[in-house]
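Okay, structure_29.csv now, which holds CSV, C-alpha atoms:
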chain,number,residue,atom,x,y,z
A,1,MET,CA,-24.1,-11.6,-15.2
A,2,LYS,CA,-21.9,-9.8,-12.7
A,3,ILE,CA,-18.4,-11.0,-11.9
A,4,ASP,CA,-18.3,-12.8,-8.6
A,5,HIS,CA,-14.6,-13.5,-8.1
A,6,ILE,CA,-11.3,-11.6,-8.4
A,7,SER,CA,-9.5,-12.3,-11.7
A,8,GLU,CA,-7.1,-10.6,-14.1
A,9,HIS,CA,-10.0,-10.5,-16.5
A,10,GLY,CA,-12.2,-8.7,-14.0
A,11,ILE,CA,-9.5,-6.2,-13.2
A,12,ARG,CA,-9.0,-5.5,-16.9
A,13,ARG,CA,-12.7,-4.7,-17.3
A,14,LEU,CA,-12.7,-2.6,-14.2
A,15,VAL,CA,-9.7,-0.5,-15.2
A,16,ASP,CA,-10.9,-0.1,-18.8
A,17,GLU,CA,-14.4,0.9,-17.8
A,18,PHE,CA,-13.3,3.1,-14.8
A,19,TYR,CA,-10.8,5.2,-16.8
A,20,ALA,CA,-13.2,5.6,-19.7
A,21,ARG,CA,-15.5,7.3,-17.1
A,22,VAL,CA,-12.6,9.3,-15.6
A,23,ARG,CA,-11.8,10.7,-19.1
A,24,ALA,CA,-15.4,11.7,-19.6
A,25,ASP,CA,-15.7,13.3,-16.1
A,26,THR,CA,-15.7,17.1,-15.9
A,27,GLU,CA,-13.9,17.1,-12.5
A,28,LEU,CA,-11.3,14.4,-13.1
A,29,ALA,CA,-10.6,14.6,-16.8
A,30,PRO,CA,-8.6,17.9,-16.7
A,31,ILE,CA,-6.2,16.8,-14.1
A,32,PHE,CA,-5.7,13.3,-15.5
A,33,ASN,CA,-5.2,14.7,-19.0
A,34,ARG,CA,-2.5,17.0,-17.6
A,35,ALA,CA,-0.8,14.2,-15.7
A,36,ILE,CA,-1.1,11.7,-18.6
A,37,PRO,CA,-0.6,13.8,-21.7
A,38,GLY,CA,0.5,10.9,-23.9
A,39,ASP,CA,0.0,7.2,-23.8
A,40,TRP,CA,-3.1,6.2,-21.9
A,41,GLY,CA,-2.4,2.6,-22.9
A,42,LEU,CA,0.7,2.6,-20.7
A,43,HIS,CA,-1.3,4.1,-17.8
A,44,LEU,CA,-4.0,1.5,-18.1
A,45,ALA,CA,-1.4,-1.3,-18.1
A,46,THR,CA,0.2,0.2,-15.0
A,47,MET,CA,-3.2,0.4,-13.3
A,48,ARG,CA,-4.0,-3.2,-14.2
A,49,ASP,CA,-0.7,-4.2,-12.6
A,50,PHE,CA,-1.5,-2.1,-9.6
A,51,TRP,CA,-4.9,-3.7,-8.9
A,52,SER,CA,-3.5,-7.1,-9.7
A,53,SER,CA,-0.8,-6.6,-7.0
A,54,VAL,CA,-3.3,-5.3,-4.5
A,55,MET,CA,-6.2,-7.7,-5.0
A,56,LEU,CA,-4.3,-10.9,-6.3
A,57,THR,CA,-1.0,-10.3,-4.5
A,58,SER,CA,0.7,-10.9,-7.9
A,59,GLY,CA,3.6,-8.5,-7.2
A,60,ARG,CA,3.2,-7.2,-10.8
A,61,TYR,CA,3.2,-3.5,-9.9
A,62,LYS,CA,6.3,-1.9,-8.4
A,63,GLY,CA,6.2,1.8,-7.9
A,64,ASN,CA,5.9,4.8,-5.6
A,65,PRO,CA,2.4,6.2,-5.9
A,66,VAL,CA,2.9,8.7,-3.1
A,67,ALA,CA,5.8,10.3,-5.0
A,68,VAL,CA,3.8,10.2,-8.3
A,69,HIS,CA,0.8,12.0,-6.8
A,70,LEU,CA,3.0,14.6,-5.1
A,71,ARG,CA,4.3,15.7,-8.5
A,72,ILE,CA,0.8,16.4,-9.8
A,73,GLU,CA,-0.2,20.1,-9.7
A,74,GLY,CA,-3.7,21.1,-8.7
A,75,MET,CA,-4.5,18.1,-6.4
A,76,VAL,CA,-7.2,18.8,-3.9
A,77,PRO,CA,-8.9,16.4,-1.5
A,78,ARG,CA,-12.2,16.6,-3.3
A,79,LEU,CA,-10.7,14.9,-6.4
A,80,PHE,CA,-10.2,11.8,-4.3
A,81,ASP,CA,-13.9,11.8,-3.3
A,82,ARG,CA,-15.0,12.1,-7.0
A,83,TRP,CA,-12.5,9.3,-7.9
A,84,LEU,CA,-14.0,7.0,-5.2
A,85,GLU,CA,-17.5,7.8,-6.4
A,86,LEU,CA,-16.8,6.8,-10.0
A,87,PHE,CA,-14.7,3.8,-8.9
A,88,GLY,CA,-17.5,2.6,-6.6
A,89,GLU,CA,-20.1,3.0,-9.3
A,90,THR,CA,-18.0,1.0,-11.8
A,91,CYS,CA,-17.4,-1.8,-9.3
A,92,GLY,CA,-21.1,-1.9,-8.6
A,93,GLU,CA,-22.0,-2.4,-12.2
A,94,LEU,CA,-19.4,-5.0,-13.0
A,95,PHE,CA,-19.1,-7.0,-9.8
A,96,ASP,CA,-21.5,-8.7,-7.4
A,97,ASP,CA,-22.0,-7.0,-4.0
A,98,SER,CA,-19.3,-8.6,-2.0
A,99,LEU,CA,-16.6,-8.3,-4.7
A,100,ALA,CA,-17.6,-4.7,-5.4
A,101,GLU,CA,-17.3,-4.0,-1.6
A,102,ALA,CA,-13.9,-5.6,-1.4
A,103,PHE,CA,-12.6,-3.3,-4.2
A,104,ARG,CA,-14.2,-0.2,-2.7
A,105,ALA,CA,-12.8,-0.9,0.8
A,106,LYS,CA,-9.3,-1.3,-0.6
A,107,ALA,CA,-9.6,1.8,-2.7
A,108,LEU,CA,-10.9,3.8,0.2
A,109,ARG,CA,-7.9,2.8,2.4
A,110,ILE,CA,-5.4,3.6,-0.3
A,111,ALA,CA,-7.1,7.0,-1.1
A,112,GLU,CA,-7.1,7.9,2.5
A,113,SER,CA,-3.4,7.1,2.7
A,114,LEU,CA,-2.6,9.1,-0.4
A,115,LYS,CA,-4.6,12.0,0.9
A,116,LEU,CA,-2.8,12.0,4.2
A,117,ALA,CA,0.5,11.9,2.4
A,118,LEU,CA,-0.5,14.8,0.1
A,119,PHE,CA,-2.4,17.1,2.4
A,120,TYR,CA,-1.8,16.3,6.1
A,121,ARG,CA,0.1,18.9,8.0
A,122,PRO,CA,0.8,18.5,11.7
A,123,ASP,CA,-0.3,22.1,12.4
A,124,ARG,CA,-3.6,21.8,10.7
A,125,PRO,CA,-6.8,19.9,11.6
A,126,TRP,CA,-7.6,16.8,9.6
A,127,PRO,CA,-9.5,16.2,7.5
A,128,ARG,CA,-12.1,18.9,7.1
A,129,SER,CA,-10.0,22.1,7.0
A,130,VAL,CA,-7.5,21.2,4.4
A,131,PRO,CA,-7.6,23.2,1.2
B,1,MET,CA,-2.3,5.4,7.9
B,2,THR,CA,0.2,2.6,7.5
B,3,PHE,CA,1.0,-0.9,8.4
B,4,VAL,CA,3.6,-1.6,11.1
B,5,VAL,CA,6.1,-4.4,11.6
B,6,THR,CA,6.3,-5.6,15.2
B,7,ASP,CA,8.4,-7.7,17.5
B,8,ASN,CA,7.7,-11.1,16.1
B,9,CYS,CA,9.6,-10.2,13.0
B,10,ILE,CA,12.8,-10.0,15.0
B,11,LYS,CA,15.1,-13.0,14.2
B,12,CYS,CA,12.4,-14.5,12.0
B,13,LYS,CA,12.6,-12.1,9.1
B,14,TYR,CA,10.9,-14.3,6.6
B,15,MET,CA,10.7,-11.5,4.0
B,16,ASP,CA,7.6,-12.8,2.2
B,17,CYS,CA,6.2,-9.3,2.6
B,18,VAL,CA,8.7,-7.6,0.4
B,19,GLU,CA,7.7,-9.7,-2.6
B,20,VAL,CA,4.1,-8.7,-2.5
B,21,CYS,CA,4.4,-5.0,-1.5
B,22,PRO,CA,3.4,-3.0,-4.5
B,23,VAL,CA,5.2,0.1,-3.3
B,24,ASP,CA,8.6,-1.3,-2.1
B,25,CYS,CA,8.3,0.3,1.3
B,26,PHE,CA,10.2,-2.3,3.4
B,27,TYR,CA,13.6,-1.5,4.9
B,28,GLU,CA,16.0,-4.1,6.3
B,29,GLY,CA,17.7,-4.2,9.6
B,30,GLU,CA,20.2,-6.9,10.7
B,31,ASN,CA,17.4,-9.1,12.1
B,32,MET,CA,14.1,-7.5,11.3
B,33,LEU,CA,12.3,-5.4,8.7
B,34,VAL,CA,10.3,-2.1,9.0
B,35,ILE,CA,7.8,-0.3,6.9
B,36,HIS,CA,8.3,3.3,5.8
B,37,PRO,CA,5.1,5.0,7.0
B,38,ASP,CA,5.2,7.7,4.4
B,39,GLU,CA,5.6,5.3,1.5
B,40,CYS,CA,3.1,2.6,2.7
B,41,ILE,CA,-0.3,3.1,1.0
B,42,ASP,CA,-2.2,1.0,3.5
B,43,CYS,CA,-3.2,-1.6,0.9
B,44,GLY,CA,-2.8,-4.4,3.5
B,45,VAL,CA,-1.3,-7.0,1.0
B,46,CYS,CA,1.6,-7.7,3.3
B,47,GLU,CA,-0.4,-8.5,6.5
B,48,PRO,CA,-1.6,-12.0,5.6
B,49,GLU,CA,1.6,-12.9,3.8
B,50,CYS,CA,3.7,-12.7,7.0
B,51,PRO,CA,4.4,-16.2,8.4
B,52,ALA,CA,5.2,-14.7,11.8
B,53,GLU,CA,2.0,-12.6,11.8
B,54,ALA,CA,4.2,-9.6,12.8
B,55,ILE,CA,2.5,-7.0,10.6
B,56,PHE,CA,-0.5,-4.9,11.8
B,57,PRO,CA,-2.4,-1.8,10.8
B,58,ASP,CA,-1.4,1.2,12.9
B,59,THR,CA,-5.0,1.6,13.9
B,60,LYS,CA,-4.5,-1.4,16.3
B,61,ALA,CA,-4.1,-0.2,19.9
B,62,GLY,CA,-0.7,-0.1,21.6
B,63,LEU,CA,1.5,0.0,18.5
B,64,GLU,CA,2.8,3.6,19.1
B,65,SER,CA,6.3,2.5,20.0
B,66,TRP,CA,6.5,0.2,17.0
B,67,LEU,CA,5.2,2.9,14.7
B,68,LYS,CA,8.0,5.1,15.9
B,69,LEU,CA,10.6,2.4,15.5
B,70,ASN,CA,9.4,1.7,11.9
B,71,ALA,CA,9.5,5.4,11.0
B,72,ASP,CA,12.9,5.9,12.5
B,73,TYR,CA,14.7,2.9,11.1
B,74,ALA,CA,13.1,3.2,7.6
B,75,LEU,CA,15.2,6.3,7.2
B,76,VAL,CA,18.5,4.7,8.0
B,77,TRP,CA,18.2,1.0,6.9
B,78,PRO,CA,18.5,0.0,3.2
B,79,ASN,CA,15.4,-0.8,1.1
B,80,ILE,CA,14.6,-4.4,0.4
B,81,THR,CA,12.4,-5.6,-2.4
B,82,ILE,CA,13.7,-9.1,-3.1
B,83,LYS,CA,13.2,-12.0,-0.7
B,84,ARG,CA,16.2,-14.0,0.4
B,85,GLU,CA,16.5,-17.1,2.4
B,86,PRO,CA,15.2,-16.4,5.9
B,87,PRO,CA,17.5,-17.1,8.9
B,88,ALA,CA,18.1,-20.9,9.4
B,89,ASP,CA,16.8,-20.7,13.0
B,90,ALA,CA,13.8,-18.5,12.1
B,91,LYS,CA,11.3,-21.1,13.3
B,92,GLU,CA,12.9,-21.4,16.7
B,93,PHE,CA,12.4,-17.7,17.3
B,94,ASP,CA,8.8,-17.6,16.1
B,95,SER,CA,6.6,-16.4,19.0
B,96,VAL,CA,9.4,-16.2,21.5
B,97,PRO,CA,8.5,-13.5,24.0
B,98,GLY,CA,10.8,-10.6,24.8
B,99,LYS,CA,12.6,-10.6,21.5
B,100,PHE,CA,12.9,-6.9,21.3
B,101,GLU,CA,14.6,-6.5,24.7
B,102,GLN,CA,16.9,-9.5,24.1
B,103,CYS,CA,17.6,-9.6,20.3
B,104,PHE,CA,16.7,-6.4,18.5
B,105,SER,CA,19.6,-5.0,16.5
B,106,SER,CA,19.8,-1.5,15.3
B,107,ASN,CA,22.4,-2.4,12.7
B,108,PRO,CA,21.3,-2.2,9.0
B,109,GLY,CA,20.7,-5.3,7.0
B,110,GLN,CA,22.2,-5.9,3.6
B,111,GLY,CA,19.2,-4.6,1.5
B,112,ASP,CA,18.8,-5.6,-2.2
Would you give me this structure, written as structure tokens?
Amino acid sequence: MKIDHISEHGIRRLVDEFYARVRADTELAPIFNRAIPGDWGLHLATMRDFWSSVMLTSGRYKGNPVAVHLRIEGMVPRLFDRWLELFGETCGELFDDSLAEAFRAKALRIAESLKLALFYRPDRPWPRSVP
Amino acid sequence: MTFVVTDNCIKCKYMDCVEVCPVDCFYEGENMLVIHPDECIDCGVCEPECPAEAIFPDTKAGLESWLKLNADYALVWPNITIKREPPADAKEFDSVPGKFEQCFSSNPGQGD
């Protein structure tokens, strides 16, 4: 039975399942393992808070994800596409169609915003010709 | 992409947005708030929280001047993450036309 409404429980399942896939993914695992060398439990808790804040307006997450991503070496736009693929798949397996789409739409907007913050340069075309 | 605070925030400044913003990207002027466009992650959580309906995505047409105002003042006004009491006369100024011309203050607010 797929989850049909937003809840902390659903967010926990999404975060746990999604990051299990990230850690098994040949493209994403290396960069995540470099960025999170220690306690994944802490990262998962942060991501539960983040999605709770974004989808349930709980205000639990407070941070600066743009600054966090700017500090990570080796970021390229393609990694965001792969992230979105895995996230979308996970949503589709756990959630019904409309709930999965609500999460995907939110993730897409946030990813686009982070990509702009990381890669946009006024003197270069956007988005195809960035490195 | 970012969200943008527009004229109906002026003298209403309810501040519900700052409580829900996950990335603390609101900055406070004397009588309105602005969003820092380089910190906003476009999550859209603030938009429906605004009682004055003053927050819009920058993809909406005609917001260029407001985007510039948000970007400019986010650099000089203090950060605000904790809601305080809105102005006592906030309701009286809700939806009043011409607030920018008549009421906008470039002075900083108190911040957190």
Return as a Markdown table the residues of chain A lying at most 10 Å from chain B, together with the closest atom-to-atom pair for each and the distance in Å to one decimal, counting all atoms listed in the file, with rows in chain order and ascending residue number.
| residue | atom | partner | partner_atom | distance |
| --- | --- | --- | --- | --- |
| A:Asp49 | CA | B:Pro22 | CA | 9.2 |
| A:Phe50 | CA | B:Pro22 | CA | 7.1 |
| A:Trp51 | CA | B:Pro22 | CA | 9.4 |
| A:Ser52 | CA | B:Pro22 | CA | 9.6 |
| A:Ser53 | CA | B:Pro22 | CA | 6.1 |
| A:Val54 | CA | B:Val45 | CA | 6.1 |
| A:Met55 | CA | B:Val45 | CA | 7.8 |
| A:Leu56 | CA | B:Val45 | CA | 8.8 |
| A:Thr57 | CA | B:Val20 | CA | 5.7 |
| A:Ser58 | CA | B:Val20 | CA | 6.7 |
| A:Gly59 | CA | B:Val20 | CA | 4.7 |
| A:Arg60 | CA | B:Pro22 | CA | 7.6 |
| A:Tyr61 | CA | B:Pro22 | CA | 5.4 |
| A:Lys62 | CA | B:Pro22 | CA | 5.0 |
| A:Gly63 | CA | B:Val23 | CA | 5.0 |
| A:Asn64 | CA | B:Val23 | CA | 5.3 |
| A:Pro65 | CA | B:Val23 | CA | 7.2 |
| A:Val66 | CA | B:Glu39 | CA | 6.3 |
| A:Ala67 | CA | B:Glu39 | CA | 8.2 |
| A:Ala105 | CA | B:Cys43 | CA | 9.6 |
| A:Lys106 | CA | B:Cys43 | CA | 6.3 |
| A:Ala107 | CA | B:Cys43 | CA | 8.1 |
| A:Leu108 | CA | B:Cys43 | CA | 9.4 |
| A:Arg109 | CA | B:Asp42 | CA | 6.1 |
| A:Ile110 | CA | B:Ile41 | CA | 5.3 |
| A:Ala111 | CA | B:Ile41 | CA | 8.1 |
| A:Glu112 | CA | B:Met1 | CA | 7.6 |
| A:Ser113 | CA | B:Ile41 | CA | 5.3 |
| A:Leu114 | CA | B:Ile41 | CA | 6.6 |
| A:Lys115 | CA | B:Ile41 | CA | 9.9 |
| A:Leu116 | CA | B:Met1 | CA | 7.6 |
| A:Ala117 | CA | B:Asp38 | CA | 6.6 |
Q) CA of Val76 in chain A and CA of Val15 in chain A, how far apart in Å? A) 22.5 Å
Q | Shortest interatomic distance to Gly74 in chain A - which of A:Val22, A:Ile11, A:Ala35, A:Leu94, counting only C-alpha atoms | A |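 Smallest separation from Gly74 in chain A among the options: A:Ala35.
As for CA of Asp89 in chain B and CA of Glu101 in chain B, they are spaced 18.5 Å apart.
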Q: Quote the spacing between CA of Phe119 in chain A and CA of Asp81 in chain A in Å to one decimal place.
A: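 Computed distance, CA of Phe119 in chain A to CA of Asp81 in chain A, equals 13.9 Å.
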(Q) With only C-alpha atoms as the counted atoms, please give the residues lying no more than 12 Å from Leu99 in chain A, apart from itself and same-chain residues fewer than 2 positions off, as a PyMOL selection string. (A) chain A and resi 2-7+10-11+14+55+88+90-97+101-106
Q. Which polymer residues have any atom within 12 Å of an atom of Lys99 in chain B, counting all atoms listed in the file, with same-chain residues fewer than 3 positions away left out, as number ranges by chain?
A. B: 6-12, 31-32, 92-96, 102-105
Q) Closest to Leu86 in chain A among A:Val68, A:Pro122, A:Leu44, A:Leu28, using only C-alpha atoms? A) A:Leu28
First collect every listed atom of range 105-114 of chain A; then fit an axis-aligned box around them, widen it by 6 Å on each side, and give centre and edge lengths in Å to one decimal, as AutoDock Vina command-line options.
--center_x -7.7 --center_y 3.9 --center_z 0.0 --size_x 22.2 --size_y 22.4 --size_z 17.4
Q: Extract, using only C-alpha atoms, all DNA, RNA and protein residues at most 8 Å from Asp58 in chain B, discarding same-chain residues fewer than 4 positions from it, and format them as a list in words.
A: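 Listing them by chain and then by number gives Met1, Thr2, Phe3, Val4, Leu63, Glu64 and Leu67 of chain B.
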Dump as a CSV table (one decimal), in the coordinates of the input, selection limited to C-alpha atoms:
chain,number,residue,atom,x,y,z
B,1,MET,CA,-2.3,5.4,7.9
B,2,THR,CA,0.2,2.6,7.5
B,3,PHE,CA,1.0,-0.9,8.4
B,4,VAL,CA,3.6,-1.6,11.1
B,63,LEU,CA,1.5,0.0,18.5
B,64,GLU,CA,2.8,3.6,19.1
B,67,LEU,CA,5.2,2.9,14.7
Quick one: range 20-55 of chain A with N, CA and C atoms, as a PDB file, in the frame of the given file?
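The resulting file, part.pdb, is reproduced below:
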ATOM      1  N   ALA A  20     -12.373   5.012 -18.632  1.00  0.00           N
ATOM      2  CA  ALA A  20     -13.200   5.600 -19.700  1.00  0.00           C
ATOM      3  C   ALA A  20     -14.132   6.670 -19.003  1.00  0.00           C
ATOM      4  N   ARG A  21     -14.625   6.350 -17.796  1.00  0.00           N
ATOM      5  CA  ARG A  21     -15.500   7.300 -17.100  1.00  0.00           C
ATOM      6  C   ARG A  21     -14.673   8.512 -16.587  1.00  0.00           C
ATOM      7  N   VAL A  22     -13.476   8.235 -16.085  1.00  0.00           N
ATOM      8  CA  VAL A  22     -12.600   9.300 -15.600  1.00  0.00           C
ATOM      9  C   VAL A  22     -12.382  10.331 -16.748  1.00  0.00           C
ATOM     10  N   ARG A  23     -12.109   9.801 -17.926  1.00  0.00           N
ATOM     11  CA  ARG A  23     -11.800  10.700 -19.100  1.00  0.00           C
ATOM     12  C   ARG A  23     -12.982  11.451 -19.559  1.00  0.00           C
ATOM     13  N   ALA A  24     -14.167  11.018 -19.167  1.00  0.00           N
ATOM     14  CA  ALA A  24     -15.400  11.700 -19.600  1.00  0.00           C
ATOM     15  C   ALA A  24     -15.932  12.598 -18.427  1.00  0.00           C
ATOM     16  N   ASP A  25     -15.237  12.627 -17.297  1.00  0.00           N
ATOM     17  CA  ASP A  25     -15.700  13.300 -16.100  1.00  0.00           C
ATOM     18  C   ASP A  25     -15.224  14.760 -16.066  1.00  0.00           C
ATOM     19  N   THR A  26     -16.143  15.707 -15.838  1.00  0.00           N
ATOM     20  CA  THR A  26     -15.700  17.100 -15.900  1.00  0.00           C
ATOM     21  C   THR A  26     -14.739  17.479 -14.796  1.00  0.00           C
ATOM     22  N   GLU A  27     -14.850  16.814 -13.629  1.00  0.00           N
ATOM     23  CA  GLU A  27     -13.900  17.100 -12.500  1.00  0.00           C
ATOM     24  C   GLU A  27     -12.566  16.464 -12.715  1.00  0.00           C
ATOM     25  N   LEU A  28     -12.582  15.187 -13.098  1.00  0.00           N
ATOM     26  CA  LEU A  28     -11.300  14.400 -13.100  1.00  0.00           C
ATOM     27  C   LEU A  28     -10.565  14.501 -14.428  1.00  0.00           C
ATOM     28  N   ALA A  29     -11.281  14.643 -15.528  1.00  0.00           N
ATOM     29  CA  ALA A  29     -10.600  14.600 -16.800  1.00  0.00           C
ATOM     30  C   ALA A  29      -9.468  15.625 -16.953  1.00  0.00           C
ATOM     31  N   PRO A  30      -9.711  16.881 -16.534  1.00  0.00           N
ATOM     32  CA  PRO A  30      -8.600  17.900 -16.700  1.00  0.00           C
ATOM     33  C   PRO A  30      -7.330  17.490 -16.034  1.00  0.00           C
ATOM     34  N   ILE A  31      -7.425  17.043 -14.789  1.00  0.00           N
ATOM     35  CA  ILE A  31      -6.200  16.800 -14.100  1.00  0.00           C
ATOM     36  C   ILE A  31      -5.519  15.496 -14.568  1.00  0.00           C
ATOM     37  N   PHE A  32      -6.327  14.512 -14.937  1.00  0.00           N
ATOM     38  CA  PHE A  32      -5.700  13.300 -15.500  1.00  0.00           C
ATOM     39  C   PHE A  32      -5.100  13.584 -16.863  1.00  0.00           C
ATOM     40  N   ASN A  33      -5.737  14.411 -17.660  1.00  0.00           N
ATOM     41  CA  ASN A  33      -5.200  14.700 -19.000  1.00  0.00           C
ATOM     42  C   ASN A  33      -3.877  15.508 -18.885  1.00  0.00           C
ATOM     43  N   ARG A  34      -3.786  16.332 -17.834  1.00  0.00           N
ATOM     44  CA  ARG A  34      -2.500  17.000 -17.600  1.00  0.00           C
ATOM     45  C   ARG A  34      -1.429  16.066 -17.148  1.00  0.00           C
ATOM     46  N   ALA A  35      -1.822  15.138 -16.260  1.00  0.00           N
ATOM     47  CA  ALA A  35      -0.800  14.200 -15.700  1.00  0.00           C
ATOM     48  C   ALA A  35      -0.426  13.131 -16.688  1.00  0.00           C
ATOM     49  N   ILE A  36      -1.345  12.796 -17.603  1.00  0.00           N
ATOM     50  CA  ILE A  36      -1.100  11.700 -18.600  1.00  0.00           C
ATOM     51  C   ILE A  36      -1.304  12.323 -19.984  1.00  0.00           C
ATOM     52  N   PRO A  37      -0.367  13.149 -20.433  1.00  0.00           N
ATOM     53  CA  PRO A  37      -0.600  13.800 -21.700  1.00  0.00           C
ATOM     54  C   PRO A  37      -0.449  12.885 -22.910  1.00  0.00           C
ATOM     55  N   GLY A  38       0.230  11.773 -22.725  1.00  0.00           N
ATOM     56  CA  GLY A  38       0.500  10.900 -23.900  1.00  0.00           C
ATOM     57  C   GLY A  38      -0.226   9.618 -23.898  1.00  0.00           C
ATOM     58  N   ASP A  39       0.471   8.565 -23.556  1.00  0.00           N
ATOM     59  CA  ASP A  39       0.000   7.200 -23.800  1.00  0.00           C
ATOM     60  C   ASP A  39      -0.879   6.677 -22.683  1.00  0.00           C
ATOM     61  N   TRP A  40      -2.189   6.720 -22.887  1.00  0.00           N
ATOM     62  CA  TRP A  40      -3.100   6.200 -21.900  1.00  0.00           C
ATOM     63  C   TRP A  40      -2.985   4.656 -21.801  1.00  0.00           C
ATOM     64  N   GLY A  41      -2.567   4.039 -22.900  1.00  0.00           N
ATOM     65  CA  GLY A  41      -2.400   2.600 -22.900  1.00  0.00           C
ATOM     66  C   GLY A  41      -1.410   2.153 -21.825  1.00  0.00           C
ATOM     67  N   LEU A  42      -0.356   2.937 -21.691  1.00  0.00           N
ATOM     68  CA  LEU A  42       0.700   2.600 -20.700  1.00  0.00           C
ATOM     69  C   LEU A  42       0.092   2.812 -19.279  1.00  0.00           C
ATOM     70  N   HIS A  43      -0.700   3.877 -19.099  1.00  0.00           N
ATOM     71  CA  HIS A  43      -1.300   4.100 -17.800  1.00  0.00           C
ATOM     72  C   HIS A  43      -2.277   2.973 -17.419  1.00  0.00           C
ATOM     73  N   LEU A  44      -3.072   2.567 -18.391  1.00  0.00           N
ATOM     74  CA  LEU A  44      -4.000   1.500 -18.100  1.00  0.00           C
ATOM     75  C   LEU A  44      -3.295   0.200 -17.752  1.00  0.00           C
ATOM     76  N   ALA A  45      -2.186  -0.066 -18.436  1.00  0.00           N
ATOM     77  CA  ALA A  45      -1.400  -1.300 -18.100  1.00  0.00           C
ATOM     78  C   ALA A  45      -0.842  -1.170 -16.699  1.00  0.00           C
ATOM     79  N   THR A  46      -0.370   0.033 -16.335  1.00  0.00           N
ATOM     80  CA  THR A  46       0.200   0.200 -15.000  1.00  0.00           C
ATOM     81  C   THR A  46      -0.938   0.012 -13.946  1.00  0.00           C
ATOM     82  N   MET A  47      -2.137   0.512 -14.224  1.00  0.00           N
ATOM     83  CA  MET A  47      -3.200   0.400 -13.300  1.00  0.00           C
ATOM     84  C   MET A  47      -3.739  -1.073 -13.165  1.00  0.00           C
ATOM     85  N   ARG A  48      -3.672  -1.807 -14.280  1.00  0.00           N
ATOM     86  CA  ARG A  48      -4.000  -3.200 -14.200  1.00  0.00           C
ATOM     87  C   ARG A  48      -2.997  -3.955 -13.305  1.00  0.00           C
ATOM     88  N   ASP A  49      -1.722  -3.609 -13.483  1.00  0.00           N
ATOM     89  CA  ASP A  49      -0.700  -4.200 -12.600  1.00  0.00           C
ATOM     90  C   ASP A  49      -0.900  -3.850 -11.163  1.00  0.00           C
ATOM     91  N   PHE A  50      -1.261  -2.580 -10.939  1.00  0.00           N
ATOM     92  CA  PHE A  50      -1.500  -2.100  -9.600  1.00  0.00           C
ATOM     93  C   PHE A  50      -2.566  -2.924  -8.878  1.00  0.00           C
ATOM     94  N   TRP A  51      -3.722  -2.991  -9.539  1.00  0.00           N
ATOM     95  CA  TRP A  51      -4.900  -3.700  -8.900  1.00  0.00           C
ATOM     96  C   TRP A  51      -4.634  -5.184  -8.834  1.00  0.00           C
ATOM     97  N   SER A  52      -3.882  -5.708  -9.778  1.00  0.00           N
ATOM     98  CA  SER A  52      -3.500  -7.100  -9.700  1.00  0.00           C
ATOM     99  C   SER A  52      -2.643  -7.379  -8.468  1.00  0.00           C
ATOM    100  N   SER A  53      -1.709  -6.463  -8.213  1.00  0.00           N
ATOM    101  CA  SER A  53      -0.800  -6.600  -7.000  1.00  0.00           C
ATOM    102  C   SER A  53      -1.610  -6.486  -5.743  1.00  0.00           C
ATOM    103  N   VAL A  54      -2.563  -5.548  -5.744  1.00  0.00           N
ATOM    104  CA  VAL A  54      -3.300  -5.300  -4.500  1.00  0.00           C
ATOM    105  C   VAL A  54      -4.361  -6.354  -4.232  1.00  0.00           C
ATOM    106  N   MET A  55      -5.057  -6.827  -5.265  1.00  0.00           N
ATOM    107  CA  MET A  55      -6.200  -7.700  -5.000  1.00  0.00           C
ATOM    108  C   MET A  55      -5.788  -9.211  -5.229  1.00  0.00           C
TER     109      MET A  55
END
